[in-house]
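Okay, protein38.txt now, which holds compact mmCIF, C-alpha atoms:
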# COMPACT_ATOMS: atom_id res chain seq x y z
CA MET R 1 139.57 78.83 99.76
CA GLN R 2 140.59 76.81 102.83
CA PHE R 3 137.71 78.29 104.80
CA ALA R 4 135.29 77.16 102.08
CA THR R 5 136.69 73.59 102.26
CA ILE R 6 136.38 73.46 106.06
CA SER R 7 132.88 74.93 105.86
CA ALA R 8 131.87 72.26 103.31
CA SER R 9 133.25 69.47 105.58
CA VAL R 10 131.34 70.84 108.58
CA SER R 11 128.13 70.99 106.51
CA LYS R 12 128.63 67.35 105.47
CA ILE R 13 129.10 66.30 109.10
CA LYS R 14 125.99 68.29 110.11
CA GLU R 15 124.00 66.45 107.44
CA ARG R 16 125.14 63.07 108.79
CA ILE R 17 124.84 63.87 112.48
CA PRO R 18 121.96 66.25 113.12
CA ILE R 19 122.65 68.79 115.87
CA ASN R 20 119.86 67.75 118.19
CA ILE R 21 119.14 67.45 121.89
CA HIS R 22 120.82 64.02 122.06
CA LEU R 23 124.13 65.48 120.88
CA TYR R 24 123.93 68.23 123.53
CA LEU R 25 123.13 65.63 126.19
CA LEU R 26 126.15 63.62 125.09
CA ILE R 27 128.40 66.69 125.39
CA PHE R 28 126.92 67.68 128.79
CA SER R 29 127.47 64.18 130.18
CA ILE R 30 131.10 64.29 129.02
CA LEU R 31 131.68 67.68 130.67
CA ILE R 32 130.12 66.46 133.92
CA GLN R 33 132.34 63.36 133.79
CA ALA R 34 135.41 65.60 133.45
CA PHE R 35 134.30 67.67 136.45
CA GLY R 36 133.78 64.46 138.48
CA SER R 37 137.30 63.27 137.60
CA ILE R 38 138.79 66.56 138.79
CA CYS R 39 136.81 66.22 142.04
CA ALA R 40 138.17 62.66 142.47
CA LYS R 41 141.72 64.00 142.21
CA PHE R 42 140.89 66.72 144.75
CA ALA R 43 139.50 64.07 147.10
CA ALA R 44 142.61 61.94 146.65
CA GLU R 45 144.85 64.90 147.49
CA SER R 46 142.80 66.03 150.48
CA ALA R 47 143.93 65.07 153.97
CA PRO R 48 141.75 62.15 155.20
CA SER R 49 141.04 64.01 158.45
CA GLY R 50 140.27 67.37 156.79
CA GLU R 51 136.87 68.99 157.36
CA ILE R 52 134.68 71.55 155.57
CA PHE R 53 131.77 72.96 157.65
CA GLY R 54 132.35 70.12 160.11
CA VAL R 55 131.96 67.42 157.44
CA ASN R 56 134.84 65.19 156.35
CA THR R 57 136.33 66.62 153.14
CA VAL R 58 136.76 63.28 151.35
CA LEU R 59 133.20 62.25 152.19
CA LEU R 60 131.87 65.60 150.99
CA ILE R 61 133.75 65.38 147.68
CA TYR R 62 132.68 61.74 147.28
CA LEU R 63 129.05 62.88 147.61
CA VAL R 64 129.67 65.60 145.00
CA ILE R 65 131.19 62.94 142.69
CA LEU R 66 128.15 60.71 143.19
CA GLY R 67 125.88 63.68 142.40
CA CYS R 68 127.86 64.37 139.22
CA MET R 69 127.67 60.70 138.33
CA GLY R 70 123.89 60.68 138.79
CA LEU R 71 123.45 63.73 136.57
CA GLN R 72 125.89 62.35 134.03
CA ILE R 73 124.05 59.03 133.85
CA ILE R 74 120.71 60.77 133.24
CA PHE R 75 122.17 62.69 130.27
CA TRP R 76 124.25 59.77 129.06
CA GLN R 77 121.35 57.31 129.10
CA GLN R 78 119.15 59.76 127.19
CA SER R 79 121.82 60.09 124.50
CA LEU R 80 122.22 56.29 124.39
CA LYS R 81 118.57 56.07 123.35
CA TYR R 82 119.67 57.65 120.09
CA TYR R 83 123.33 56.71 119.55
CA SER R 84 125.02 53.32 119.47
CA LEU R 85 127.39 52.65 122.37
CA SER R 86 130.37 52.05 120.08
CA PHE R 87 129.76 55.50 118.55
CA ALA R 88 128.99 57.48 121.72
CA TYR R 89 131.65 56.07 124.03
CA PRO R 90 134.77 57.11 122.06
CA PHE R 91 133.43 60.69 122.27
CA ARG R 92 134.35 60.58 125.93
CA SER R 93 137.98 60.83 124.85
CA THR R 94 137.35 64.60 124.55
CA VAL R 95 137.68 64.56 128.35
CA SER R 96 141.44 64.50 127.64
CA PHE R 97 141.22 68.17 126.59
CA VAL R 98 139.68 69.11 129.95
CA VAL R 99 142.10 66.86 131.87
CA LEU R 100 145.09 68.50 130.17
CA PHE R 101 144.10 71.99 131.24
CA SER R 102 142.92 71.03 134.71
CA ALA R 103 146.08 68.97 135.35
CA TYR R 104 148.14 72.02 134.37
CA PHE R 105 146.20 74.80 136.08
CA LEU R 106 144.83 73.01 139.16
CA PHE R 107 147.40 70.35 139.99
CA GLY R 108 150.61 71.85 138.56
CA GLU R 109 151.24 68.93 136.18
CA SER R 110 153.15 69.74 132.98
CA ILE R 111 151.97 69.88 129.32
CA THR R 112 154.27 67.88 127.04
CA LEU R 113 154.64 67.64 123.27
CA LEU R 114 153.15 64.12 123.48
CA ASN R 115 150.03 65.59 125.10
CA ILE R 116 149.56 67.92 122.15
CA ILE R 117 150.29 65.15 119.56
CA GLY R 118 147.84 62.88 121.41
CA LEU R 119 145.08 65.49 121.24
CA VAL R 120 145.66 65.98 117.51
CA ILE R 121 145.37 62.19 116.91
CA ILE R 122 142.22 62.03 119.11
CA SER R 123 140.66 64.88 117.09
CA LEU R 124 141.45 63.00 113.87
CA GLY R 125 139.83 59.86 115.31
CA ILE R 126 136.69 61.78 116.26
CA PHE R 127 136.58 63.20 112.72
CA TYR R 128 136.52 59.62 111.32
CA LEU R 129 133.90 58.63 113.85
CA VAL R 130 131.52 61.45 112.91
CA LYS R 131 132.01 60.57 109.23
CA ASP R 132 130.45 57.19 109.99
CA LYS R 133 126.88 56.54 108.96
CA GLU R 134 126.26 53.77 111.52
CA PHE R 135 125.90 55.94 114.62
CA LEU R 136 122.28 55.20 115.47
CA ARG R 137 121.42 52.55 118.01
CA MET A 1 148.72 47.74 143.39
CA TYR A 2 147.32 51.06 142.13
CA TYR A 3 147.81 49.96 138.50
CA LEU A 4 145.97 46.70 139.16
CA LEU A 5 143.17 48.60 140.85
CA THR A 6 142.87 50.93 137.83
CA LEU A 7 142.71 47.92 135.51
CA MET A 8 139.86 46.56 137.65
CA ILE A 9 138.13 49.95 137.40
CA THR A 10 138.48 49.78 133.60
CA ILE A 11 136.84 46.35 133.43
CA PHE A 12 134.04 47.39 135.82
CA THR A 13 133.41 50.57 133.81
CA SER A 14 133.17 48.64 130.53
CA ILE A 15 130.70 46.15 132.01
CA ALA A 16 128.64 48.97 133.57
CA HIS A 17 128.35 50.81 130.25
CA LEU A 18 127.28 47.64 128.51
CA LEU A 19 124.58 47.02 131.13
CA LEU A 20 123.45 50.65 130.92
CA LYS A 21 123.03 50.41 127.17
CA LYS A 22 121.19 47.09 127.53
CA GLY A 23 118.88 48.63 130.14
CA THR A 24 118.21 51.63 127.89
CA VAL A 25 117.45 49.51 124.82
CA MET A 26 115.38 46.90 126.65
CA SER A 27 113.14 49.36 128.46
CA THR A 28 110.21 50.99 126.71
CA GLU A 29 109.97 54.64 125.69
CA LYS A 30 108.96 55.70 129.21
CA HIS A 31 111.88 57.52 130.87
CA VAL A 32 111.27 56.16 134.37
CA LYS A 33 111.31 52.57 133.17
CA MET A 34 114.64 53.20 131.49
CA TYR A 35 116.21 54.44 134.73
CA MET A 36 114.60 51.74 136.88
CA HIS A 37 115.43 48.79 134.64
CA PRO A 38 117.36 46.10 136.62
CA TYR A 39 120.31 46.34 134.19
CA SER A 40 120.40 50.13 134.66
CA LEU A 41 120.19 49.83 138.46
CA PHE A 42 122.99 47.26 138.51
CA SER A 43 125.16 49.52 136.38
CA TYR A 44 124.54 52.48 138.76
CA ALA A 45 125.76 50.31 141.65
CA ILE A 46 128.92 49.45 139.69
CA PHE A 47 129.49 53.16 138.91
CA ALA A 48 129.23 54.03 142.62
CA ILE A 49 131.84 51.38 143.44
CA VAL A 50 134.02 52.66 140.57
CA ALA A 51 133.82 56.22 141.99
CA PHE A 52 135.08 55.01 145.36
CA LEU A 53 137.83 52.84 143.83
CA SER A 54 138.92 55.79 141.63
CA ILE A 55 139.62 57.93 144.69
CA VAL A 56 141.73 55.11 146.16
CA ALA A 57 143.61 54.61 142.86
CA LEU A 58 144.25 58.36 142.46
CA ARG A 59 146.03 58.38 145.82
CA GLY A 60 148.87 56.51 144.14
CA LEU A 61 148.61 57.67 140.52
CA ASP A 62 148.78 60.97 138.66
CA LEU A 63 145.53 62.10 137.02
CA LYS A 64 147.19 61.61 133.62
CA GLU A 65 148.44 58.09 134.48
CA PHE A 66 144.99 57.13 135.70
CA PHE A 67 143.37 58.27 132.47
CA ALA A 68 146.04 56.51 130.38
CA LEU A 69 145.09 53.14 131.85
CA ASN A 70 141.43 54.02 131.72
CA SER A 71 141.73 54.53 127.96
CA LEU A 72 141.60 50.74 127.59
CA THR A 73 137.83 51.20 127.80
CA TYR A 74 137.95 52.75 124.30
CA ILE A 75 138.99 49.30 123.05
CA PHE A 76 136.96 47.14 125.48
CA ILE A 77 133.62 48.88 124.94
CA PRO A 78 133.44 48.72 121.10
CA VAL A 79 134.53 45.06 121.28
CA LEU A 80 131.88 44.26 123.92
CA SER A 81 129.28 46.26 121.91
CA PHE A 82 130.08 44.16 118.86
CA ILE A 83 129.85 40.86 120.77
CA PHE A 84 126.89 41.51 123.08
CA LEU A 85 124.91 44.31 121.41
CA LYS A 86 125.58 43.25 117.81
CA GLU A 87 126.54 46.81 116.87
CA LEU A 88 128.11 47.17 113.43
CA VAL A 89 131.82 47.85 113.14
CA THR A 90 132.30 49.90 109.98
CA LYS A 91 135.62 50.94 108.41
CA ASN A 92 135.29 54.57 109.58
CA LYS A 93 134.30 53.52 113.08
CA LEU A 94 137.26 51.14 113.29
CA ILE A 95 139.73 53.77 112.03
CA GLY A 96 138.22 56.33 114.45
CA ILE A 97 138.45 54.00 117.46
CA ILE A 98 142.04 52.96 116.60
CA LEU A 99 143.11 56.60 116.16
CA ILE A 100 141.41 57.65 119.41
CA SER A 101 143.08 54.77 121.29
CA ILE A 102 146.51 55.68 119.87
CA GLY A 103 145.84 59.36 120.62
CA VAL A 104 144.78 58.74 124.21
CA ILE A 105 147.78 56.47 124.88
CA THR A 106 150.15 59.04 123.28
CA PHE A 107 148.51 61.79 125.31
CA TYR A 108 149.09 60.06 128.61
CA LEU A 109 152.59 58.68 127.88
Could you spell out this file's structure in structure tokens?
Amino acid sequence: MQFATISASVSKIKERIPINIHLYLLIFSILIQAFGSICAKFAAESAPSGEIFGVNTVLLIYLVILGCMGLQIIFWQQSLKYYSLSFAYPFRSTVSFVVLFSAYFLFGESITLLNIIGLVIISLGIFYLVKDKEFLR
Amino acid sequence: MYYLLTLMITIFTSIAHLLLKKGTVMSTEKHVKMYMHPYSLFSYAIFAIVAFLSIVALRGLDLKEFFALNSLTYIFIPVLSFIFLKELVTKNKLIGIILISIGVITFYL
């Protein structure tokens, strides 16, 4: 019974927001942004004089971040051709999911109850956002 | 100092996204024009500066703290979109944005 209700809600959302290339581009750009943020933290934690293959570590990571940013912008701008900014931008909050796991596994930061509550509220917010009919640019 | 720097990053990011959207909308259907539009180019420059400033800010802040302050963009950008891009603010969109803002702030507390 519950499965049928969830399935009906998903179908309604699919009707409103067609699963198309622009949606994939939006998701890709968000994932790349998350990766760039993790790289930024790595750069911040690296010793300023550290070297990889004779190149300064911070400089190398900064170049990787710029590369990610370039790729992210290409995808993001393509998705902005289709979606309004006030619809697309809040989707970037899904980065919090990636940040939570990377902060825990890569940087030894802790997961708190507030983190979990926050993610639940964010998910609820995204649900309201995708219910909206005014998502086109 | 690091908090102030992150606030600056938030403002720069919001402005850059607004310019990027303007550049995308104002250019024609041709992809190259969209990426080479002056507004787009200016926003790329701001993003590059933001990337550098983020590394500096993260030297003094936790990743979670940094993102908590950065979540102000979820409020700034819809407001700027409404003012400068004339995007509609519907009831669902408003509820969604408010919930996401509360969620992000709760997450990073």
Task: Interface, chain A side, toward chain R (9 Å; all atoms listed in the file) as a PyMOL selection string - done: chain A and resi 17-18+20-21+24-25+31+34-35+44+47-48+51-52+54-60+62-64+67+71+73-75+77-82+85+87-109
TODO: Find the distance between CA of Leu31 (chain R) and CA of Gln72 (chain R) and write it in Å to one decimal.
DONE: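 That distance, rounded to one decimal, is 8.6 Å.
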Task: Length of the CA of Ile83 (chain A) to CA of Ser43 (chain A) vector [Å] - done: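 Taking CA of Ile83 (chain A) as the start and CA of Ser43 (chain A) as the end point, the length is 18.5 Å.
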Open item on the list: If I take CA of Asn56 (chain R) and CA of Ala34 (chain R), how far is one from the other in Å, to one decimal?
Closed with: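 Calculated distance between CA of Asn56 (chain R) and CA of Ala34 (chain R) is 22.9 Å.
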